[in-house]
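Content type compact mmCIF, C-alpha atoms, from the file run13.txt:
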```
# COMPACT_ATOMS: atom_id res chain seq x y z
CA MET A 1 -4.51 3.07 17.23
CA ARG A 2 -2.44 4.11 20.22
CA ILE A 3 1.18 3.85 19.10
CA VAL A 4 4.45 4.50 20.90
CA VAL A 5 7.60 4.93 18.83
CA ILE A 6 10.80 4.35 20.77
CA GLY A 7 13.37 6.62 19.16
CA ALA A 8 12.99 9.40 16.62
CA GLY A 9 16.00 8.92 14.37
CA GLY A 10 16.02 7.74 10.78
CA ILE A 11 13.52 4.91 11.29
CA GLY A 12 11.58 6.23 14.27
CA GLY A 13 11.20 9.72 12.81
CA TRP A 14 10.06 8.30 9.47
CA LEU A 15 7.48 5.94 10.97
CA GLY A 16 6.30 8.26 13.71
CA ALA A 17 5.92 11.32 11.51
CA ARG A 18 3.92 9.47 8.87
CA LEU A 19 1.69 7.74 11.42
CA ALA A 20 1.02 10.94 13.37
CA ALA A 21 0.30 12.87 10.17
CA SER A 22 -2.26 10.23 9.20
CA GLY A 23 -4.24 10.77 12.41
CA GLN A 24 -2.99 7.96 14.63
CA GLN A 25 -2.34 8.65 18.33
CA VAL A 26 1.46 8.61 18.41
CA GLY A 27 3.82 9.17 21.31
CA PHE A 28 7.61 9.18 21.16
CA LEU A 29 9.75 7.73 23.94
CA VAL A 30 12.95 9.75 23.56
CA HIS A 31 15.59 11.35 25.75
CA ASP A 32 17.96 14.30 26.14
CA ARG A 33 18.64 16.30 22.93
CA THR A 34 15.98 14.50 20.92
CA LEU A 35 13.32 15.12 23.55
CA ALA A 36 14.25 18.79 23.76
CA ALA A 37 14.25 19.16 19.98
CA LEU A 38 10.83 17.56 19.52
CA ARG A 39 9.32 19.71 22.24
CA SER A 40 10.83 22.95 20.97
CA GLY A 41 10.86 22.50 17.19
CA GLY A 42 8.58 19.60 16.35
CA LEU A 43 9.34 16.82 13.88
CA THR A 44 9.92 17.27 10.15
CA LEU A 45 10.20 14.48 7.59
CA ARG A 46 11.61 15.35 4.17
CA ASP A 47 12.03 13.42 0.94
CA CYS A 48 15.42 14.39 -0.48
CA SER A 49 15.29 12.24 -3.61
CA GLY A 50 15.53 15.40 -5.71
CA GLY A 51 18.38 16.83 -3.65
CA GLU A 52 18.64 19.36 -0.83
CA PRO A 53 16.70 20.72 0.95
CA GLY A 54 14.01 18.20 0.02
CA THR A 55 10.23 18.23 0.06
CA VAL A 56 8.42 18.13 3.39
CA THR A 57 6.32 14.96 3.45
CA ALA A 58 5.17 15.22 7.08
CA ARG A 59 5.38 17.94 9.69
CA ILE A 60 4.31 17.42 13.33
CA GLU A 61 4.34 20.76 15.11
CA THR A 62 3.84 19.51 18.66
CA PRO A 63 4.54 15.78 18.84
CA LEU A 64 3.75 13.96 22.06
CA ALA A 65 7.18 13.15 23.43
CA SER A 66 8.45 12.06 26.83
CA ASP A 67 11.26 10.15 28.49
CA ASP A 68 8.74 8.59 30.88
CA PRO A 69 6.81 5.56 29.55
CA ARG A 70 4.17 5.91 32.26
CA ALA A 71 3.51 9.51 31.28
CA LEU A 72 3.07 8.44 27.66
CA THR A 73 0.53 5.76 28.54
CA GLU A 74 -1.43 8.22 30.67
CA THR A 75 -1.51 10.85 27.92
CA LEU A 76 -2.46 8.29 25.28
CA GLY A 77 -5.27 7.02 27.49
CA GLY A 78 -3.86 3.55 28.11
CA GLN A 79 -1.13 1.17 27.11
CA PRO A 80 -0.43 1.30 23.39
CA ASP A 81 -1.77 -1.11 20.82
CA LEU A 82 1.60 -1.00 19.10
CA VAL A 83 5.16 -0.20 20.16
CA LEU A 84 7.64 0.42 17.35
CA VAL A 85 11.18 -0.09 18.65
CA THR A 86 13.56 1.81 16.38
CA THR A 87 16.72 2.25 18.48
CA LYS A 88 19.97 0.43 17.81
CA VAL A 89 20.34 -3.14 19.01
CA ASP A 90 22.77 -2.13 21.76
CA ALA A 91 20.03 -0.09 23.44
CA LEU A 92 17.44 -2.88 23.58
CA VAL A 93 18.53 -4.54 26.82
CA GLY A 94 18.38 -1.20 28.62
CA LEU A 95 14.87 -0.61 27.29
CA ALA A 96 13.44 -3.68 29.03
CA PRO A 97 11.92 -1.79 32.02
CA ALA A 98 10.24 0.77 29.76
CA LEU A 99 8.95 -1.96 27.44
CA ARG A 100 7.36 -3.76 30.37
CA VAL A 101 5.55 -0.57 31.37
CA LEU A 102 4.32 0.03 27.83
CA THR A 103 3.25 -3.54 27.06
CA GLY A 104 -0.33 -4.39 27.93
CA PRO A 105 -2.13 -7.71 27.43
CA ASP A 106 -2.70 -7.11 23.69
CA THR A 107 0.23 -4.84 22.84
CA GLY A 108 2.39 -5.74 19.84
CA VAL A 109 6.08 -4.83 20.09
CA VAL A 110 7.69 -4.46 16.66
CA SER A 111 11.41 -4.79 15.99
CA THR A 112 12.82 -2.72 13.13
CA GLN A 113 16.56 -3.30 13.52
CA ASN A 114 18.79 -4.80 10.87
CA GLY A 115 20.18 -8.26 11.52
CA ILE A 116 18.75 -11.34 13.19
CA SER A 117 19.22 -10.65 16.90
CA ALA A 118 16.69 -7.94 17.84
CA PRO A 119 13.49 -10.02 18.08
CA GLY A 120 15.08 -12.37 20.59
CA VAL A 121 16.25 -9.49 22.79
CA LEU A 122 12.74 -8.02 22.80
CA ALA A 123 11.26 -11.44 23.57
CA ASP A 124 13.51 -11.68 26.62
CA ALA A 125 11.97 -8.41 27.85
CA VAL A 126 8.25 -8.91 27.15
CA GLY A 127 7.73 -12.49 25.92
CA THR A 128 7.40 -13.91 22.43
CA GLN A 129 3.62 -13.51 22.51
CA HIS A 130 4.05 -9.73 22.27
CA VAL A 131 6.86 -9.55 19.73
CA LEU A 132 6.11 -8.83 16.09
CA PRO A 133 9.40 -9.22 14.20
CA GLY A 134 9.52 -6.41 11.66
CA VAL A 135 11.44 -5.73 8.47
CA ALA A 136 11.83 -2.03 7.64
CA ARG A 137 13.07 -0.99 4.22
CA VAL A 138 13.81 2.69 3.71
CA TYR A 139 16.84 4.89 3.14
CA SER A 140 16.47 7.40 5.95
CA ALA A 141 18.80 9.37 8.16
CA ILE A 142 18.61 11.94 10.92
CA VAL A 143 20.11 15.27 9.89
CA SER A 144 19.62 16.73 13.35
CA PRO A 145 17.20 15.94 16.19
CA GLY A 146 13.71 16.51 14.84
CA ASP A 147 14.85 16.62 11.20
CA VAL A 148 14.68 13.29 9.34
CA ARG A 149 15.23 12.78 5.64
CA THR A 150 14.50 9.92 3.28
CA ILE A 151 15.76 9.07 -0.18
CA GLY A 152 13.81 7.07 -2.72
CA SER A 153 10.45 5.41 -2.18
CA ALA A 154 8.10 5.97 0.74
CA GLY A 155 9.50 2.82 2.36
CA SER A 156 7.91 -0.33 3.69
CA LEU A 157 7.48 -2.32 6.89
CA ALA A 158 6.59 -6.00 6.94
CA LEU A 159 5.62 -7.50 10.28
CA GLY A 160 4.21 -10.73 11.62
CA GLU A 161 3.54 -12.76 14.72
CA TRP A 162 6.39 -14.72 16.26
CA ASP A 163 4.67 -18.05 15.57
CA GLY A 164 3.82 -17.21 11.96
CA SER A 165 0.09 -16.85 12.50
CA THR A 166 -1.93 -14.02 10.98
CA THR A 167 -3.89 -12.20 13.67
CA ALA A 168 -6.26 -9.26 13.97
CA ARG A 169 -3.41 -7.42 15.70
CA SER A 170 -0.94 -7.84 12.86
CA ARG A 171 -3.56 -7.04 10.20
CA ALA A 172 -4.65 -3.87 12.04
CA SER A 173 -1.03 -2.78 12.38
CA ALA A 174 -0.44 -3.22 8.66
CA ARG A 175 -3.61 -1.27 7.83
CA ALA A 176 -2.52 1.65 10.03
CA LEU A 177 0.86 1.76 8.31
CA GLU A 178 -0.73 1.61 4.87
CA ALA A 179 -3.04 4.48 5.77
CA ALA A 180 0.07 6.48 6.68
CA GLY A 181 1.57 5.97 3.22
CA ILE A 182 3.95 3.21 4.26
CA ARG A 183 3.75 -0.01 2.27
CA ALA A 184 2.98 -2.70 4.83
CA TRP A 185 2.01 -6.35 4.82
CA VAL A 186 2.00 -9.55 6.86
CA PRO A 187 4.19 -12.03 4.93
CA GLY A 188 3.71 -15.77 4.90
CA SER A 189 6.91 -16.10 6.93
CA ILE A 190 8.21 -13.02 8.72
CA TRP A 191 11.40 -14.93 9.55
CA ALA A 192 12.13 -15.61 5.88
CA GLU A 193 11.41 -11.93 5.18
CA LEU A 194 13.87 -10.96 7.90
CA TRP A 195 16.55 -13.19 6.40
CA ARG A 196 15.88 -11.77 2.92
CA LYS A 197 16.65 -8.31 4.25
CA VAL A 198 19.76 -9.61 6.02
CA SER A 199 20.95 -11.11 2.74
CA PHE A 200 20.96 -7.62 1.27
CA VAL A 201 21.40 -4.95 3.90
CA VAL A 202 23.90 -6.70 6.19
CA VAL A 203 25.97 -7.67 3.17
CA GLN A 204 25.76 -4.11 1.86
CA GLY A 205 26.75 -2.61 5.19
CA SER A 206 29.54 -5.08 5.87
CA LEU A 207 31.23 -4.99 2.47
CA GLY A 208 30.50 -1.29 2.10
CA ALA A 209 32.22 -0.55 5.42
CA ALA A 210 35.17 -2.82 4.65
CA ALA A 211 35.67 -1.18 1.24
CA ASN A 212 34.48 2.28 2.32
CA ALA A 213 32.20 2.26 -0.71
CA PRO A 214 28.50 2.91 -1.46
CA ILE A 215 26.17 0.46 -3.13
CA GLY A 216 27.04 1.81 -6.58
CA VAL A 217 30.58 0.46 -6.19
CA LEU A 218 29.52 -2.80 -4.55
CA ARG A 219 27.20 -3.71 -7.41
CA THR A 220 29.83 -2.99 -10.07
CA ASP A 221 33.50 -3.23 -9.08
CA LEU A 222 32.80 -5.61 -6.16
CA ARG A 223 29.85 -7.49 -7.66
CA ASP A 224 31.50 -10.92 -7.41
CA ALA A 225 32.27 -10.51 -3.70
CA PHE A 226 28.78 -9.11 -3.09
CA THR A 227 27.23 -12.09 -4.86
CA ARG A 228 29.26 -14.62 -2.87
CA ALA A 229 28.41 -12.93 0.42
CA VAL A 230 24.69 -12.96 -0.39
CA GLY A 231 24.97 -16.67 -1.16
CA GLU A 232 26.58 -17.26 2.24
CA VAL A 233 23.66 -15.61 4.04
CA ILE A 234 21.13 -17.61 2.06
CA ALA A 235 22.96 -20.83 2.92
CA VAL A 236 22.91 -19.99 6.65
CA ALA A 237 19.19 -19.17 6.46
CA ALA A 238 18.51 -22.49 4.71
CA ALA A 239 20.41 -24.36 7.41
CA GLN A 240 18.09 -22.76 9.96
CA GLY A 241 15.01 -23.85 8.02
CA HIS A 242 14.20 -20.64 6.14
CA ASP A 243 13.71 -20.91 2.37
CA LEU A 244 14.18 -17.44 0.91
CA ALA A 245 12.86 -18.29 -2.56
CA THR A 246 9.45 -16.95 -3.54
CA ASP A 247 7.15 -17.47 -6.51
CA ASP A 248 8.13 -14.03 -7.81
CA ALA A 249 11.82 -14.50 -7.02
CA PRO A 250 12.79 -18.18 -7.16
CA ASP A 251 16.50 -17.27 -7.06
CA PRO A 252 17.14 -15.27 -3.86
CA VAL A 253 20.69 -14.36 -4.89
CA ALA A 254 19.43 -12.84 -8.12
CA ALA A 255 16.69 -11.05 -6.15
CA ALA A 256 19.28 -9.42 -3.86
CA LEU A 257 21.31 -8.32 -6.87
CA ARG A 258 18.22 -6.80 -8.50
CA MET A 259 17.61 -4.86 -5.30
CA ALA A 260 21.21 -3.66 -5.29
CA ASP A 261 20.87 -2.52 -8.89
CA ALA A 262 17.71 -0.55 -8.04
CA GLN A 263 19.19 1.50 -5.19
CA PRO A 264 20.52 5.06 -5.42
CA ALA A 265 24.21 4.72 -6.30
CA GLY A 266 25.37 6.67 -3.26
CA ALA A 267 23.31 4.74 -0.71
CA THR A 268 24.99 3.44 2.43
CA THR A 269 23.67 1.74 5.57
CA SER A 270 23.53 3.20 9.07
CA MET A 271 26.08 0.67 10.34
CA GLN A 272 28.41 1.59 7.50
CA ARG A 273 28.06 5.30 8.25
CA ASP A 274 28.80 4.75 11.93
CA ILE A 275 31.95 2.77 11.15
CA ALA A 276 33.13 5.41 8.68
CA ALA A 277 32.64 8.09 11.33
CA GLY A 278 34.64 6.12 13.91
CA LEU A 279 31.57 5.54 16.08
CA PRO A 280 30.46 2.36 17.85
CA SER A 281 28.22 0.45 15.46
CA GLU A 282 25.98 -2.61 15.20
CA LEU A 283 28.83 -4.65 13.69
CA ASP A 284 28.53 -7.45 16.23
CA ALA A 285 24.72 -7.47 16.26
CA GLN A 286 24.56 -7.61 12.47
CA LEU A 287 27.69 -9.17 10.97
CA GLY A 288 29.02 -10.87 14.08
CA ALA A 289 25.70 -12.58 14.79
CA LEU A 290 25.52 -13.73 11.18
CA CYS A 291 29.01 -15.22 11.23
CA ARG A 292 28.24 -16.99 14.53
CA ALA A 293 25.03 -18.39 13.06
CA GLY A 294 27.07 -19.80 10.19
CA ASP A 295 29.54 -21.39 12.60
CA GLU A 296 26.72 -22.94 14.64
CA ALA A 297 25.08 -24.33 11.50
CA GLY A 298 28.36 -25.59 10.06
CA VAL A 299 27.97 -23.31 7.02
CA PRO A 300 31.17 -21.64 5.74
CA THR A 301 30.99 -17.85 5.42
CA PRO A 302 34.47 -16.87 4.17
CA VAL A 303 33.58 -13.50 2.61
CA LEU A 304 31.60 -12.41 5.64
CA ASP A 305 34.31 -13.68 8.00
CA LEU A 306 36.91 -11.66 6.10
CA ALA A 307 34.80 -8.50 6.32
CA HIS A 308 34.36 -9.07 10.05
CA SER A 309 38.10 -9.55 10.53
CA VAL A 310 38.78 -6.27 8.70
CA LEU A 311 36.19 -4.30 10.65
CA ALA A 312 36.48 -5.76 14.17
CA PRO A 313 39.63 -3.77 15.10
CA GLN A 314 37.96 -0.53 14.00
CA GLU A 315 34.91 -1.39 16.07
CA ALA A 316 37.04 -2.18 19.12
CA ALA A 317 38.88 1.12 18.79
CA ALA A 318 35.62 3.06 18.46
CA ARG A 319 34.18 1.46 21.58
CA ALA A 320 37.40 2.09 23.51
CA ARG A 321 37.02 5.80 22.84
CA VAL A 322 33.53 5.96 24.36
```
Would you mind writing the structure in this file as structure tokens?
Amino acid sequence: MRIVVIGAGGIGGWLGARLAASGQQVGFLVHDRTLAALRSGGLTLRDCSGGEPGTVTARIETPLASDDPRALTETLGGQPDLVLVTTKVDALVGLAPALRVLTGPDTGVVSTQNGISAPGVLADAVGTQHVLPGVARVYSAIVSPGDVRTIGSAGSLALGEWDGSTTARSRASARALEAAGIRAWVPGSIWAELWRKVSFVVVQGSLGAAANAPIGVLRTDLRDAFTRAVGEVIAVAAAQGHDLATDDAPDPVAAALRMADAQPAGATTSMQRDIAAGLPSELDAQLGALCRAGDEAGVPTPVLDLAHSVLAPQEAAARARV
């Protein structure tokens, strides 16, 4: 497949390195320091589960990288079959012109961002017929441009068509990811899968940032608050018509707690790390959007609202400094 990865940070570097190492035609749409780093030093993906410096799991010596989407399509020999959008939500609106250049008649554009807002922003740019909402699960982080590290499993990416259908495009995308060592599948409802992730990762990031604590603390000392917040997300999802129960996990709250219990104790989310560093974060796109969805559905979200109230002044101050 011809694949363009927009971004080469924690998610983009992980996906792009594995896909390129597996033999797919991969190009990176990146800018500035990241572009210079990929061109001069290549891309390295390490598994640091056993500690520093980690084991190299993929190394791309000369990745195809450009800040020009037209140049990427020319080098790849045509518009990509798949575009993996891995930047933060705030960058998506500005990516619209590039996405329109990259998107051909059959191109699938995959969202990988946390929260519930990214697919709609991409749909505004290229149309719902091209958008494959995606759900990425991996603990990854960029150490420096061109150096990406993961902790734990090889990670997974679920994706599906906007309308819930299973197509040759979505199946081929999942097969390419599987061949790259990334667990991938097309779920029965990608929207329910997206909400399942929100019920864990947005809660983890929000409460973790408010308490300045990793998952190991949230699942022990703050387990009651974590449990209530997960229940709030599940109630909002249900009000929007998404049942998060499955045959394997009939209780979605218990499923989220099992996931919390299985994570490395020191794990944090990217939003949480940005807030702790005093940087602008995806607070509004993740937690703010969730609280607004609860208000619109008439579903109370007191724990999430409290976390938002605690974090909003920090977010405002971080953005004022930019």
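The residue set within 10 Å of Gly298 (chain A), counting all atoms listed in the file and dropping same-chain residues fewer than 5 places from it, reads Val236, Ala239, Arg292 and Ala293 of chain A.
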Go ahead and save the residues from that selection, with C-alpha atoms, as a PDB file, in the frame of the given file.
```pdb
ATOM      1  CA  VAL A 236      22.910 -19.990   6.650  1.00  0.00           C
ATOM      2  CA  ALA A 239      20.410 -24.360   7.410  1.00  0.00           C
ATOM      3  CA  ARG A 292      28.240 -16.990  14.530  1.00  0.00           C
ATOM      4  CA  ALA A 293      25.030 -18.390  13.060  1.00  0.00           C
TER       5      ALA A 293
END
```
What separates CA of Phe200 (chain A) and CA of Arg137 (chain A) is a distance of 10.7 Å
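Every protein or nucleic acid residue with an atom no more than 10 Å from Gly188 (chain A), counting all atoms listed in the file and leaving out same-chain residues fewer than 2 positions away, appears here: Gly160, Gly164, Ser165, Thr166, Trp185, Val186, Ile190, Trp191, Ala192 and Glu193 of chain A.
Rounded to one decimal, CA of Ala256 (chain A) and CA of Pro214 (chain A) lie 15.6 Å from each other.
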Taking (19.5, -8.9, 26.6) in the file's coordinates as the center, which residues reach within 7 Å of it, counting all atoms listed in the file, put as a PDB file with C-alpha atoms, in the frame of the given file?
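result-v8.pdb was written with the following content:
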```
ATOM      1  CA  VAL A  93      18.530  -4.540  26.820  1.00  0.00           C
ATOM      2  CA  VAL A 121      16.250  -9.490  22.790  1.00  0.00           C
ATOM      3  CA  ASP A 124      13.510 -11.680  26.620  1.00  0.00           C
TER       4      ASP A 124
END
```
With 10 Å as the threshold, what does the neighbourhood of (32.7, -15.4, 6.4) contain in terms of residues, counting only C-alpha atoms? Coordinates are those of the file; answer as a tab-separated table (two decimals) with C-alpha atoms, keeping the file's coordinate frame.
```
chain	number	residue	atom	x	y	z
A	228	ARG	CA	29.26	-14.62	-2.87
A	229	ALA	CA	28.41	-12.93	0.42
A	232	GLU	CA	26.58	-17.26	2.24
A	233	VAL	CA	23.66	-15.61	4.04
A	287	LEU	CA	27.69	-9.17	10.97
A	288	GLY	CA	29.02	-10.87	14.08
A	290	LEU	CA	25.52	-13.73	11.18
A	291	CYS	CA	29.01	-15.22	11.23
A	292	ARG	CA	28.24	-16.99	14.53
A	294	GLY	CA	27.07	-19.80	10.19
A	295	ASP	CA	29.54	-21.39	12.60
A	299	VAL	CA	27.97	-23.31	7.02
A	300	PRO	CA	31.17	-21.64	5.74
A	301	THR	CA	30.99	-17.85	5.42
A	302	PRO	CA	34.47	-16.87	4.17
A	303	VAL	CA	33.58	-13.50	2.61
A	304	LEU	CA	31.60	-12.41	5.64
A	305	ASP	CA	34.31	-13.68	8.00
A	306	LEU	CA	36.91	-11.66	6.10
A	307	ALA	CA	34.80	-8.50	6.32
A	308	HIS	CA	34.36	-9.07	10.05
A	309	SER	CA	38.10	-9.55	10.53
```
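Of the listed residues A:Val310, A:Leu19, A:Ala237, A:Val230, the one whose atoms come nearest to Ala254 (chain A) is A:Val230, with distances taken using only C-alpha atoms.
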Residues near Ala123 (chain A), cut-off 10 Å, all atoms listed in the file, skip fewer than 5 positions along chain, as a ChimeraX atom specification: /A:96,109,118,128-133,162
Report as number ranges by chain all protein, DNA and RNA residues lying within 12 Å of Arg319 (chain A), evaluated on only C-alpha atoms, omitting residues in the same chain fewer than 2 positions from it. A: 90, 274-275, 278-284, 312-317, 321-322
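CA of Ile142 (chain A) lies 8.7 Å from CA of Ile11 (chain A).
Considering the residues A:Glu74, A:Asp251, A:Glu296, A:Asp224 and counting all atoms listed in the file, Arg2 (chain A) has its shortest atom-to-atom contact with A:Glu74.
Compared by their closest atoms to Asp261 (chain A), and using all atoms listed in the file, the residues A:Gly16, A:Gly23, A:Gly216, A:Pro63 rank with A:Gly216 nearest.
If you measure from each of A:Ser22, A:Thr86, A:Thr150, A:Thr112 to Pro264 (chain A) using all atoms listed in the file, the closest one turns out to be A:Thr150.
Residue nearest Ala235 (chain A) within the list A:Ala158, A:Ala265, A:Ala297, A:Ala260: A:Ala297 [criterion: smallest interatomic distance, only C-alpha atoms].
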Within 10 Å of Gly205 (chain A), counting all atoms listed in the file, which residues show up once you throw out same-chain ones fewer than 2 positions away? Write them as a PyMOL selection string, please. chain A and resi 198+200-203+207-215+268-273+275+283+286-287
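With all atoms listed in the file as the atoms that count, the minimum distance from Arg59 (chain A) to the choices A:Ala21, A:Leu122, A:Leu29, A:Ala174 is reached by A:Ala21.
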